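Below is one structure, written out as structure tokens; comments come after it.
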Amino acid sequence: MYDHQKIEQKWQKYWQKEKLYSPDLDKSENPYYNLMMFPYPSAEGLHIGNMYAFTHSDCWGRYMRLKGYEVFEPIGLDGFGIHSENFAMKIKEHIRDVSKRTEKRFYNQLHMIGNQYDWQRTVETYKPNYYKWTQWLFLKMYQKGLAYRKESPVNWCPDCKTVLSDEQVISGQCERCDSPVEKKMMKQWFFKITDYAERLLKNLKEKDPNKKMDWSEDVKMGQINWIGKTEGIEIAYQIKDSKEKITCFTSYPETNYGATFVVLSPEHPKALKIVADRYKDKVKAYIQKAREKSDLERIAHGRKKTGVFTGRYCINVLTGYEMPIYIADFVLADVGTGAVVGVPGHDLRDYQFAQKFDLEIKRVMKTYSGDKSEINEEKKVNHQGIMINSDFLNGLDYKQARKKMIEYGIKKGWAKKRVNYKLRDWCVSRQRYWGPPIPMIKCDKCGWVPVPEKDLPVELPDLDDFHPDGTGKGPLNKVKQFVNTTCPNCQEPAKRETDVSDPFVDSSWYFFRYLNTEDDKKALNKKRIKKWMPVDMYIGGKEHTVLHLLYSRFITMVLYDFGYCDFEEPFLRFFGHGLVIKDGAKMSKSKGNVVNPDEYIERFGADSVRLYLMFLGDVSQGGDWKDSGMAGMFKFVKKIYRLYRDFEKEKPNYGFNQKELNRLNIAIFHKTVQKVTRDLDRLSFNTSIAKIMEFFNWYVQNEKKLTKKEKFLMFGGIAIMIAPFAPHLGEEFWSMLNHESSVFKQKWPKFNRSLIKEKSFELVIQINGKLKARTKAACDISRQEAVELAKNQEKIRKILDKQEIKKVIFIPKKLVNFVV
């Protein structure tokens with residue numbers, strides 16, 4: 001009988017005793033860093049979606065181990081932040097108590113699944129021995145001018161009572177609690193990620209195969225779009241009857257003869273300054289209303305345009321046309337100059353605004369076919385064509401016109417070349433309790449002063465009432481013995497910063513810390529970083545495209561500039577997995593379809609759950625969990641266990657030899673090795689398992705024809721190949737063959753090419769592209785022989801006797817198609 005609990009406990013104890021998964025980080029000769037995104041404990045335990053990601057990642061790491069690498073596969077908990085804090089508030093417990101419990105619970109579950117974690121090197125972001133170094137990183141960035149404080153319009157969640165970064169606002173709502181996000185003016189700490197925009201973008205677009213980022217393309221494109229680079233010019237427009245000018249950015253300067261209005265963002269510094277007196281009340285009311293909306297809500301696709309006239313006009317430098325100046329919320333203060341020039345003849349957004357306020361629409365370009373291409377609500381105008389109604393640009397192609405307009409504007413002194421990015425600096429301040437205190441002190445005499453490194457960590461004080469109060473100050477503001485301190489410079493009384501840092505700061509560098517967990521004197525170990533990094537493989541969720549993954553790239557570039565590493569990109573390869581659903585629907589507690597992995601592991605065993613998770617489908621697309629499918633996989637596991645147990649009774653007592661295995665004259669085995677190897681290299685876990693299943697189906701039908709030695713060799717090879725997917729079974733099967741060492745100390749089997757060469761194939765025969773017959777043919781058949789073979793098939797002969805052959809198409813090893 002297959003006693004999965006007994007088998008899995010036995011091998012987990014063996015792995016721990018032998019320290020099989022704890023490589024010597026200093027002496028490893030063939031290092032491979034296999035990383036999975038560490039979970040955040042925002043519930044009582046891991047869900048099946050976590051297990052889905054972890055099992056695929058672990059399978060890959062075990063495959064690399066069997067390929068001869070010394071694999072480092074660490075794990076930890078991303079325990080700081082709103083996710084964990086909100087969960088504690090929901091169940092009405094203190095976050096410190098919840099974290100102690102969830103740490104134990106999560107780690108027990110992670111042991112159960114059987115992954116090859118190095119349990120000697122865990123990191124927990126909420127422990128002082130970790131966040132001491134997160135604070136150190138903040139200080140380093142402050143020293144280099146990459147951390148700064150400013151007043152800024154920020155995203156404020158009224159439910160979470162804290163600031164959110166732009167990336168944490170989804171369709172105008174908080175990503176954590178779905179509450180509508182508001183705008184507030186607050187003083188916050190920021191990281192200067194915009195200083196790195198071009199480098200972040202350049203690496204994503206690298207074409208050189210030796211430098212190209214081996215990342216999922218949709219993730220790279222998501223970051224490219226988020227960074228949002230646009231090139232163009234800034235034009236300074238004179239305000240009529242005023243000394244003031246409005247500077248607008250445009251990426252289509254060639255269309256400027258069609259400019260008919262100017263729009264300022266509600267936050268523009270000149271928004272109220274330039275308004276005519278009789279319009280001031282309306283403008284003030286509009287600005288106040290706009291500030292209550294999130295940026296994403298303001299620029300949402302399909303949203304009806306709003307705005308208010310200022311009573312003032314700008315002069316179009318090319319035409320002298322008086323362009324009315326409006327305030328409108330679809331223009332954002334920190335995108336470009338916070339002011340745009342409207343060209344409604346050639347921009348859908350501008351067209352919609354012009355229609356709403358009855359503004360003039362001028363056409364200055366026609367398509368190459370001569371069509372003026374009228375704009376409508378469904379269609380954006382194409383910015384490519386021939387210039388018209390544009391004086392000295394008439395007749396020019398848009399590219400020529402753009403170049404000429406830029407040169408003309410610069411020569412005349414009213415234009416400057418400019419590159420803009422949609423990316424904005426990273427707001428890292430959070431007005432919550434559960435996070436690393438920002439290590440800064442405010443002194444009335446010295447201003448903001450960094451905490452000396454020798455005084456780190458600035459420990460998070462105990463606080464019974466850790467709930468935010470919505471005042472804009474963090475809960476730490478209530479702890480006077482924490483707030484009141486001494487200035488490190490002048491020794492006068494001073495106050496500590498009471499904000500904590502964004503938990504994404506914690507996760508932006510944790511993969512560096514795994515390599516140096518035992519060292520409390522320094523954050524990073526340069527020698528180990530040089531040996532083990534960049535991370536070889538990182539498997540995780542695509543939903544982190546513009547959060548964790550972008551921030552990790554930024555911080556790695558910063559550490560490169562600081563001299564701590566010799567690479568700019570943290571992950572050589574990133575693979576984004578899909579999501580697990582159940583019975584065709586997204587999992588949720590309200591639907592009652594949440595899969596608790598513990599129940600299934602207890603009932604079917606970790607290996608059966610692992611195999612089923614990897615068999616669900618293409619890992620990049622996710623899969624649909626069905627209980628019937630899980631039961632089917634358990635049935636397969638019991639079947640192969642019986643086969644190994646039955647063979648064990650034959651008392652095999654041979655030495656396992658890879659050379660003998662390679663000479664084994666059984667084609668199906670070598671084809672299985674070839675196909676499983678090929679599919680695993682492609683991260684096609686599901687098809688790899690299918691190939692192993694096919695082998696066992698063949699074995700059952702042919703078992704009696706095989707010698708004992710042949711069975712021994714094949715069972716040894718299959719035990720090695722099944723081990724990455726089902727590690728406990730791999731070990732158990734290997735031991736059943738009378739081996740004493742771990743299966744994970746073996747080498748991945750090689751296939752014999754001479755034995756997998758196909759001698760024949762199925763020739764498809766078509767007439768006018770439609771399948772009419774099939775027949776067996778030799779792989780080396782010539783075109784002439786294939787055509788004759790096809791013609792001689794009885795069904796084909798009868799059809800061709802009545803038809804005239806006009807053409808014959810022959811595709812080697814595939815088909816013959818007669819065109820009649």
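Going by the structure tokens order, chains are called A, B, ..., each with residues numbered from 1, while ligands are numbered from 1 in the order shown.
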Backbone DSSP call of strand (DSSP E or B) for stretch 427-478 of chain A, listed as a short mmCIF file (atom, residue, chain, number, x, y, z; two decimals) with N, CA, C and O atoms, in the first residue's frame:
data_model
loop_
_atom_site.label_atom_id
_atom_site.label_comp_id
_atom_site.auth_asym_id
_atom_site.auth_seq_id
_atom_site.Cartn_x
_atom_site.Cartn_y
_atom_site.Cartn_z
N CYS A 427 7.08 56.83 -4.22
CA CYS A 427 6.73 57.30 -2.87
C CYS A 427 6.85 56.12 -1.91
O CYS A 427 6.12 55.13 -2.04
N SER A 429 6.86 56.45 1.63
CA SER A 429 6.30 56.72 2.96
C SER A 429 4.98 55.99 3.14
O SER A 429 4.14 56.00 2.24
N ARG A 430 4.79 55.42 4.32
CA ARG A 430 3.50 54.80 4.66
C ARG A 430 3.13 55.19 6.08
O ARG A 430 3.96 55.11 6.99
N PRO A 437 10.61 51.53 10.49
CA PRO A 437 10.63 52.98 10.67
C PRO A 437 11.67 53.63 9.76
O PRO A 437 12.79 53.13 9.63
N MET A 440 15.14 58.57 9.86
CA MET A 440 15.44 60.00 9.74
C MET A 440 14.94 60.73 10.98
O MET A 440 13.95 60.34 11.60
N ILE A 441 15.66 61.81 11.32
CA ILE A 441 15.34 62.61 12.50
C ILE A 441 15.18 64.07 12.08
O ILE A 441 15.99 64.59 11.30
N LYS A 442 14.12 64.73 12.59
CA LYS A 442 13.89 66.14 12.25
C LYS A 442 14.35 67.01 13.42
O LYS A 442 13.85 66.90 14.54
N CYS A 443 15.32 67.87 13.10
CA CYS A 443 15.87 68.79 14.10
C CYS A 443 15.51 70.21 13.68
O CYS A 443 15.68 70.57 12.50
N GLY A 447 17.59 70.58 10.49
CA GLY A 447 16.72 70.03 9.46
C GLY A 447 16.65 68.51 9.56
O GLY A 447 16.76 67.95 10.65
N TRP A 448 16.47 67.84 8.41
CA TRP A 448 16.41 66.38 8.43
C TRP A 448 17.81 65.80 8.51
O TRP A 448 18.69 66.13 7.71
N VAL A 449 18.00 64.89 9.48
CA VAL A 449 19.32 64.30 9.74
C VAL A 449 19.17 62.77 9.73
O VAL A 449 18.27 62.23 10.39
N PRO A 450 20.04 62.05 9.00
CA PRO A 450 19.94 60.59 9.00
C PRO A 450 20.40 59.98 10.31
O PRO A 450 21.31 60.51 10.97
#
So that I can check the surroundings of A:Tyr52, please list as a list in words every protein, DNA and RNA residue that reaches within 10 Å of it, counting only C-alpha atoms and ignoring chain neighbours fewer than 5 positions away. His47, Ser57, Gly540, His577, Gly578, Leu579, Val580, Pro597, Val609, Arg610, Tyr612, Leu613, Met614, Leu616, Val619, Gly622 and Gly623 of chain A
Given only C-alpha atoms as the basis, pick out the residue of A:Val546, A:Val673, A:Met557, A:Met64 nearest to A:Gln116. A:Met64
Proximity of stretch 558-594 of chain A to stretch 679-701 of chain A: per-residue shortest pair, 12 Å limit, only C-alpha atoms, as CSV:
residue,atom,partner,partner_atom,distance
A:Phe574,CA,A:Leu683,CA,11.7
A:Phe575,CA,A:Leu683,CA,9.1
A:Gly576,CA,A:Leu683,CA,11.1
A:His577,CA,A:Leu683,CA,10.4
Could those residues be written to a file, using N, CA and C atoms, as a short mmCIF file (atom, residue, chain, number, x, y, z; two decimals), in the first residue's frame?
data_model
loop_
_atom_site.label_atom_id
_atom_site.label_comp_id
_atom_site.auth_asym_id
_atom_site.auth_seq_id
_atom_site.Cartn_x
_atom_site.Cartn_y
_atom_site.Cartn_z
N PHE A 574 13.46 35.62 -15.99
CA PHE A 574 12.22 35.70 -15.21
C PHE A 574 11.10 35.06 -16.03
N PHE A 575 10.36 34.18 -15.37
CA PHE A 575 9.24 33.52 -16.04
C PHE A 575 7.97 33.78 -15.24
N GLY A 576 6.98 34.37 -15.89
CA GLY A 576 5.71 34.69 -15.22
C GLY A 576 4.69 33.59 -15.38
N HIS A 577 4.20 33.09 -14.26
CA HIS A 577 3.20 32.01 -14.32
C HIS A 577 1.78 32.57 -14.34
#
So which bits of stretch 655-764 of chain A end up helix (DSSP H, G or I) when you DSSP the backbone, as a JSON list (two decimals) with C-alpha atoms, in the first residue's frame?
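The file below, result-v1.json, is the result:
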[["chain", "number", "residue", "atom", "x", "y", "z"],
["A", 658, "GLN", "CA", 24.78, 5.78, -16.76],
["A", 659, "LYS", "CA", 26.82, 4.29, -19.63],
["A", 660, "GLU", "CA", 24.83, 1.07, -19.45],
["A", 661, "LEU", "CA", 21.64, 3.10, -19.38],
["A", 662, "ASN", "CA", 22.76, 4.97, -22.50],
["A", 663, "ARG", "CA", 23.40, 1.66, -24.30],
["A", 667, "ALA", "CA", 13.82, 3.08, -28.11],
["A", 668, "ILE", "CA", 10.75, 4.12, -26.07],
["A", 669, "PHE", "CA", 12.95, 4.81, -23.03],
["A", 670, "HIS", "CA", 15.36, 7.02, -24.99],
["A", 671, "LYS", "CA", 12.45, 8.84, -26.64],
["A", 672, "THR", "CA", 11.00, 9.50, -23.18],
["A", 673, "VAL", "CA", 14.32, 10.92, -21.95],
["A", 674, "GLN", "CA", 14.60, 13.09, -25.07],
["A", 675, "LYS", "CA", 11.06, 14.46, -24.85],
["A", 676, "VAL", "CA", 11.02, 15.06, -21.08],
["A", 677, "THR", "CA", 14.39, 16.85, -21.32],
["A", 678, "ARG", "CA", 13.23, 18.97, -24.25],
["A", 679, "ASP", "CA", 9.94, 19.88, -22.57],
["A", 680, "LEU", "CA", 11.51, 20.72, -19.21],
["A", 681, "ASP", "CA", 14.04, 22.97, -20.95],
["A", 685, "PHE", "CA", 6.02, 20.79, -17.08],
["A", 686, "ASN", "CA", 2.61, 19.39, -18.03],
["A", 687, "THR", "CA", 3.79, 17.74, -21.25],
["A", 688, "SER", "CA", 6.86, 16.33, -19.47],
["A", 689, "ILE", "CA", 4.57, 14.52, -17.02],
["A", 690, "ALA", "CA", 2.43, 13.32, -19.93],
["A", 691, "LYS", "CA", 5.52, 11.73, -21.54],
["A", 692, "ILE", "CA", 6.31, 9.88, -18.30],
["A", 693, "MET", "CA", 2.72, 8.63, -18.17],
["A", 694, "GLU", "CA", 3.02, 7.38, -21.75],
["A", 695, "PHE", "CA", 6.16, 5.46, -20.80],
["A", 696, "PHE", "CA", 4.39, 3.64, -17.96],
["A", 697, "ASN", "CA", 1.47, 2.77, -20.24],
["A", 698, "TRP", "CA", 3.98, 1.18, -22.62],
["A", 699, "TYR", "CA", 5.73, -0.59, -19.74],
["A", 700, "VAL", "CA", 2.52, -2.26, -18.50],
["A", 701, "GLN", "CA", 1.91, -3.66, -22.00],
["A", 702, "ASN", "CA", 5.51, -4.83, -22.52],
["A", 703, "GLU", "CA", 6.69, -5.78, -19.02],
["A", 704, "LYS", "CA", 6.84, -9.51, -19.70],
["A", 705, "LYS", "CA", 9.15, -9.02, -22.69],
["A", 708, "LYS", "CA", 15.32, -7.96, -15.10],
["A", 709, "LYS", "CA", 18.40, -5.84, -15.95],
["A", 710, "GLU", "CA", 16.47, -3.83, -18.53],
["A", 711, "LYS", "CA", 13.74, -3.11, -15.97],
["A", 712, "PHE", "CA", 16.37, -2.12, -13.41],
["A", 713, "LEU", "CA", 18.06, 0.35, -15.72],
["A", 714, "MET", "CA", 14.82, 1.88, -16.98],
["A", 715, "PHE", "CA", 13.31, 2.16, -13.50],
["A", 716, "GLY", "CA", 16.50, 3.88, -12.36],
["A", 717, "GLY", "CA", 16.37, 6.38, -15.21],
["A", 718, "ILE", "CA", 12.66, 7.08, -14.67],
["A", 719, "ALA", "CA", 13.17, 7.49, -10.89],
["A", 720, "ILE", "CA", 15.68, 10.26, -11.66],
["A", 721, "MET", "CA", 13.34, 11.91, -14.16],
["A", 722, "ILE", "CA", 10.29, 11.80, -11.89],
["A", 727, "PRO", "CA", 10.85, 14.29, -4.96],
["A", 728, "HIS", "CA", 9.71, 11.92, -2.20],
["A", 729, "LEU", "CA", 8.64, 9.33, -4.77],
["A", 730, "GLY", "CA", 11.88, 9.81, -6.67],
["A", 731, "GLU", "CA", 13.86, 9.04, -3.51],
["A", 732, "GLU", "CA", 11.60, 6.11, -2.59],
["A", 733, "PHE", "CA", 11.80, 4.55, -6.05],
["A", 734, "TRP", "CA", 15.58, 4.98, -6.10],
["A", 735, "SER", "CA", 15.90, 3.26, -2.71],
["A", 736, "MET", "CA", 13.63, 0.42, -3.91],
["A", 743, "VAL", "CA", 18.52, 10.24, -6.07],
["A", 744, "PHE", "CA", 19.43, 13.93, -6.14],
["A", 745, "LYS", "CA", 23.12, 13.04, -6.15],
["A", 753, "ARG", "CA", 20.41, 9.49, -30.54],
["A", 754, "SER", "CA", 20.88, 6.40, -32.67],
["A", 755, "LEU", "CA", 17.98, 4.73, -30.89],
["A", 756, "ILE", "CA", 15.49, 7.58, -31.26]]
Separation of atom CA of A:Ile224 and atom CA of A:Leu200, in Å? 8.6 Å
Would you please work out which residue, of A:Ala276, A:Leu77, A:Ala236, A:Ala333, is nearest to A:Ser152 when using only C-alpha atoms?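 Among A:Ala276, A:Leu77, A:Ala236, A:Ala333, it is A:Ala333 that comes nearest to A:Ser152.
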Distance criterion (only C-alpha atoms): nearest to A:Thr319 out of A:Thr250, A:Ser390, A:Thr230, A:Thr367: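 Looking only at the distances to A:Thr319, the closest residue turns out to be A:Ser390.
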Near-A:His383 list (10 Å; only C-alpha atoms; drop same-chain fewer than 6 positions) as a PDB file with N, CA, C and O atoms, in the first residue's frame:
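Resulting contents of result.pdb:
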ATOM      1  N   TYR A 252       4.275  65.519 -30.942  1.00  0.00           N
ATOM      2  CA  TYR A 252       3.927  65.635 -32.364  1.00  0.00           C
ATOM      3  C   TYR A 252       4.018  67.103 -32.803  1.00  0.00           C
ATOM      4  O   TYR A 252       3.017  67.717 -33.169  1.00  0.00           O
ATOM      5  N   GLU A 254       4.995  68.494 -35.403  1.00  0.00           N
ATOM      6  CA  GLU A 254       4.660  68.772 -36.805  1.00  0.00           C
ATOM      7  C   GLU A 254       3.189  69.152 -36.988  1.00  0.00           C
ATOM      8  O   GLU A 254       2.818  69.736 -37.999  1.00  0.00           O
ATOM      9  N   THR A 255       2.339  68.821 -35.978  1.00  0.00           N
ATOM     10  CA  THR A 255       0.899  69.139 -36.099  1.00  0.00           C
ATOM     11  C   THR A 255       0.547  70.491 -35.484  1.00  0.00           C
ATOM     12  O   THR A 255      -0.631  70.822 -35.366  1.00  0.00           O
ATOM     13  N   HIS A 346      -6.067  65.874 -34.780  1.00  0.00           N
ATOM     14  CA  HIS A 346      -5.186  64.710 -34.898  1.00  0.00           C
ATOM     15  C   HIS A 346      -4.913  64.012 -33.573  1.00  0.00           C
ATOM     16  O   HIS A 346      -3.887  63.353 -33.414  1.00  0.00           O
ATOM     17  N   ASP A 347      -5.826  64.132 -32.627  1.00  0.00           N
ATOM     18  CA  ASP A 347      -5.695  63.430 -31.348  1.00  0.00           C
ATOM     19  C   ASP A 347      -7.091  63.196 -30.796  1.00  0.00           C
ATOM     20  O   ASP A 347      -7.888  64.142 -30.676  1.00  0.00           O
ATOM     21  N   MET A 365      -3.017  67.313 -41.687  1.00  0.00           N
ATOM     22  CA  MET A 365      -2.350  66.140 -42.233  1.00  0.00           C
ATOM     23  C   MET A 365      -3.367  65.288 -42.973  1.00  0.00           C
ATOM     24  O   MET A 365      -4.529  65.202 -42.577  1.00  0.00           O
ATOM     25  N   LYS A 366      -2.936  64.690 -44.068  1.00  0.00           N
ATOM     26  CA  LYS A 366      -3.774  63.722 -44.768  1.00  0.00           C
ATOM     27  C   LYS A 366      -3.008  62.406 -44.851  1.00  0.00           C
ATOM     28  O   LYS A 366      -1.779  62.379 -44.805  1.00  0.00           O
ATOM     29  N   THR A 367      -3.737  61.308 -44.966  1.00  0.00           N
ATOM     30  CA  THR A 367      -3.083  60.002 -45.063  1.00  0.00           C
ATOM     31  C   THR A 367      -2.385  59.899 -46.408  1.00  0.00           C
ATOM     32  O   THR A 367      -2.615  60.706 -47.314  1.00  0.00           O
ATOM     33  N   TYR A 398       5.394  63.146 -42.617  1.00  0.00           N
ATOM     34  CA  TYR A 398       5.334  63.564 -41.207  1.00  0.00           C
ATOM     35  C   TYR A 398       6.702  63.498 -40.525  1.00  0.00           C
ATOM     36  O   TYR A 398       7.010  64.330 -39.668  1.00  0.00           O
ATOM     37  N   LYS A 399       7.539  62.518 -40.889  1.00  0.00           N
ATOM     38  CA  LYS A 399       8.871  62.424 -40.277  1.00  0.00           C
ATOM     39  C   LYS A 399       9.754  63.608 -40.683  1.00  0.00           C
ATOM     40  O   LYS A 399      10.446  64.189 -39.844  1.00  0.00           O
TER      41      LYS A 399
END
Spatial neighbours of A:Val764, 7 Å, only C-alpha atoms, chain gap at least 3 places, as a VMD selection string: chain A and resid 773 to 775 814 to 816
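For the atom pair formed by atom CA of A:Asp618 and atom CA of A:Gly605, the distance is 22.7 Å, given to one decimal.
Taking atom CA of A:Glu206 and atom CA of A:Arg553 as the two end points, the separation is 14.8 Å.
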Residue contacts of A:Lys161 (8 Å, only C-alpha atoms) excluding same-chain residues fewer than 2 positions away, as a PyMOL selection string: chain A and resi 156-159+163+431-432+468-470+472
Restricting it to N, CA, C and O atoms, dump the selection as a compact mmCIF listing (two decimals), in the first residue's frame.
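Listed below is the output, again.txt:
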# COMPACT_ATOMS: atom_id res chain seq x y z
N TRP A 156 -4.30 58.61 -1.61
CA TRP A 156 -4.64 58.34 -0.21
C TRP A 156 -5.82 57.38 -0.16
O TRP A 156 -6.86 57.63 -0.76
N CYS A 157 -5.62 56.25 0.55
CA CYS A 157 -6.72 55.30 0.74
C CYS A 157 -7.40 55.62 2.07
O CYS A 157 -6.78 55.48 3.13
N PRO A 158 -8.66 56.04 2.04
CA PRO A 158 -9.35 56.41 3.29
C PRO A 158 -9.62 55.21 4.20
O PRO A 158 -9.76 55.38 5.41
N ASP A 159 -9.66 54.00 3.64
CA ASP A 159 -9.89 52.81 4.45
C ASP A 159 -8.60 52.32 5.09
O ASP A 159 -8.54 52.07 6.29
N VAL A 163 -0.85 56.34 2.40
CA VAL A 163 -0.50 56.70 1.03
C VAL A 163 -0.25 55.43 0.23
O VAL A 163 0.26 54.44 0.76
N GLN A 431 1.86 55.58 6.26
CA GLN A 431 1.41 56.04 7.57
C GLN A 431 0.73 54.88 8.31
O GLN A 431 -0.42 54.94 8.70
N ARG A 432 1.48 53.80 8.45
CA ARG A 432 0.98 52.62 9.14
C ARG A 432 1.99 52.21 10.22
O ARG A 432 3.05 52.81 10.37
N PRO A 468 -4.24 52.81 12.36
CA PRO A 468 -4.06 54.19 11.86
C PRO A 468 -5.28 55.03 12.19
O PRO A 468 -6.40 54.51 12.28
N ASP A 469 -5.07 56.34 12.43
CA ASP A 469 -6.21 57.19 12.81
C ASP A 469 -6.66 58.12 11.68
O ASP A 469 -7.62 58.87 11.84
N GLY A 470 -5.96 58.09 10.55
CA GLY A 470 -6.40 58.88 9.40
C GLY A 470 -6.01 60.34 9.45
O GLY A 470 -6.42 61.12 8.60
N GLY A 472 -3.08 61.47 8.90
CA GLY A 472 -1.94 61.71 8.02
C GLY A 472 -0.62 61.41 8.70
O GLY A 472 0.42 61.37 8.07
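Nearest to A:Phe604 of all the residues A:Lys100, A:Glu85, A:Ile113, A:Ile361 is A:Ile113, based on only C-alpha atoms.
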Within 12 Å of A:Lys586, counting only C-alpha atoms, which residues qualify if same-chain residues fewer than 3 places away don't, as an mmCIF file with N, CA and C atoms, in the first residue's frame?
data_model
loop_
_atom_site.group_PDB
_atom_site.id
_atom_site.type_symbol
_atom_site.label_atom_id
_atom_site.label_comp_id
_atom_site.auth_asym_id
_atom_site.auth_seq_id
_atom_site.Cartn_x
_atom_site.Cartn_y
_atom_site.Cartn_z
ATOM 1 N N GLY A 49 -2.711 28.712 -4.850
ATOM 2 C CA GLY A 49 -2.009 29.544 -5.827
ATOM 3 C C GLY A 49 -0.543 29.700 -5.485
ATOM 4 N N LEU A 579 -2.529 31.963 -13.340
ATOM 5 C CA LEU A 579 -3.272 31.788 -12.086
ATOM 6 C C LEU A 579 -4.072 30.480 -12.094
ATOM 7 N N VAL A 580 -4.256 29.942 -10.905
ATOM 8 C CA VAL A 580 -5.071 28.729 -10.762
ATOM 9 C C VAL A 580 -6.508 29.134 -10.458
ATOM 10 N N ILE A 581 -7.437 28.535 -11.205
ATOM 11 C CA ILE A 581 -8.860 28.718 -10.917
ATOM 12 C C ILE A 581 -9.436 27.361 -10.514
ATOM 13 N N LYS A 582 -10.690 27.330 -10.115
ATOM 14 C CA LYS A 582 -11.304 26.046 -9.745
ATOM 15 C C LYS A 582 -12.639 25.881 -10.456
ATOM 16 N N ASP A 583 -12.748 24.786 -11.171
ATOM 17 C CA ASP A 583 -13.983 24.475 -11.907
ATOM 18 C C ASP A 583 -14.435 25.639 -12.777
ATOM 19 N N LYS A 589 -13.566 33.041 -1.237
ATOM 20 C CA LYS A 589 -14.268 32.466 -0.087
ATOM 21 C C LYS A 589 -15.771 32.564 -0.258
ATOM 22 N N SER A 590 -16.235 33.669 -0.871
ATOM 23 C CA SER A 590 -17.677 33.858 -1.045
ATOM 24 C C SER A 590 -18.281 32.787 -1.957
ATOM 25 N N LYS A 591 -17.486 32.323 -2.930
ATOM 26 C CA LYS A 591 -17.972 31.271 -3.838
ATOM 27 C C LYS A 591 -17.804 29.881 -3.231
ATOM 28 N N GLY A 592 -17.036 29.806 -2.142
ATOM 29 C CA GLY A 592 -16.819 28.512 -1.496
ATOM 30 C C GLY A 592 -15.981 27.564 -2.319
ATOM 31 N N ASN A 593 -15.128 28.104 -3.191
ATOM 32 C CA ASN A 593 -14.333 27.227 -4.060
ATOM 33 C C ASN A 593 -12.831 27.387 -3.840
ATOM 34 N N VAL A 594 -12.441 27.829 -2.640
ATOM 35 C CA VAL A 594 -11.024 27.978 -2.323
ATOM 36 C C VAL A 594 -10.437 26.595 -2.025
ATOM 37 N N VAL A 595 -9.296 26.307 -2.631
ATOM 38 C CA VAL A 595 -8.634 25.014 -2.424
ATOM 39 C C VAL A 595 -7.610 25.165 -1.308
ATOM 40 N N GLY A 622 -1.672 29.259 -16.445
ATOM 41 C CA GLY A 622 -2.399 28.836 -15.257
ATOM 42 C C GLY A 622 -3.195 27.574 -15.557
ATOM 43 N N GLY A 623 -4.092 27.207 -14.650
ATOM 44 C CA GLY A 623 -4.855 25.977 -14.849
ATOM 45 C C GLY A 623 -6.133 25.964 -14.047
ATOM 46 N N ASP A 624 -6.974 25.005 -14.367
ATOM 47 C CA ASP A 624 -8.296 24.860 -13.737
ATOM 48 C C ASP A 624 -8.290 23.624 -12.849
ATOM 49 N N TRP A 625 -8.270 23.856 -11.541
ATOM 50 C CA TRP A 625 -8.248 22.748 -10.575
ATOM 51 C C TRP A 625 -9.607 22.057 -10.548
#
For stretch 305-312 of chain A, work out the shell of residues within 6 Å, counting only C-alpha atoms and skipping chain neighbours fewer than 3 positions away, then give it as a list in words. Val275, Ala276, Tyr279, Ile325, Tyr326, Ile327, Ala328 and Phe353 of chain A
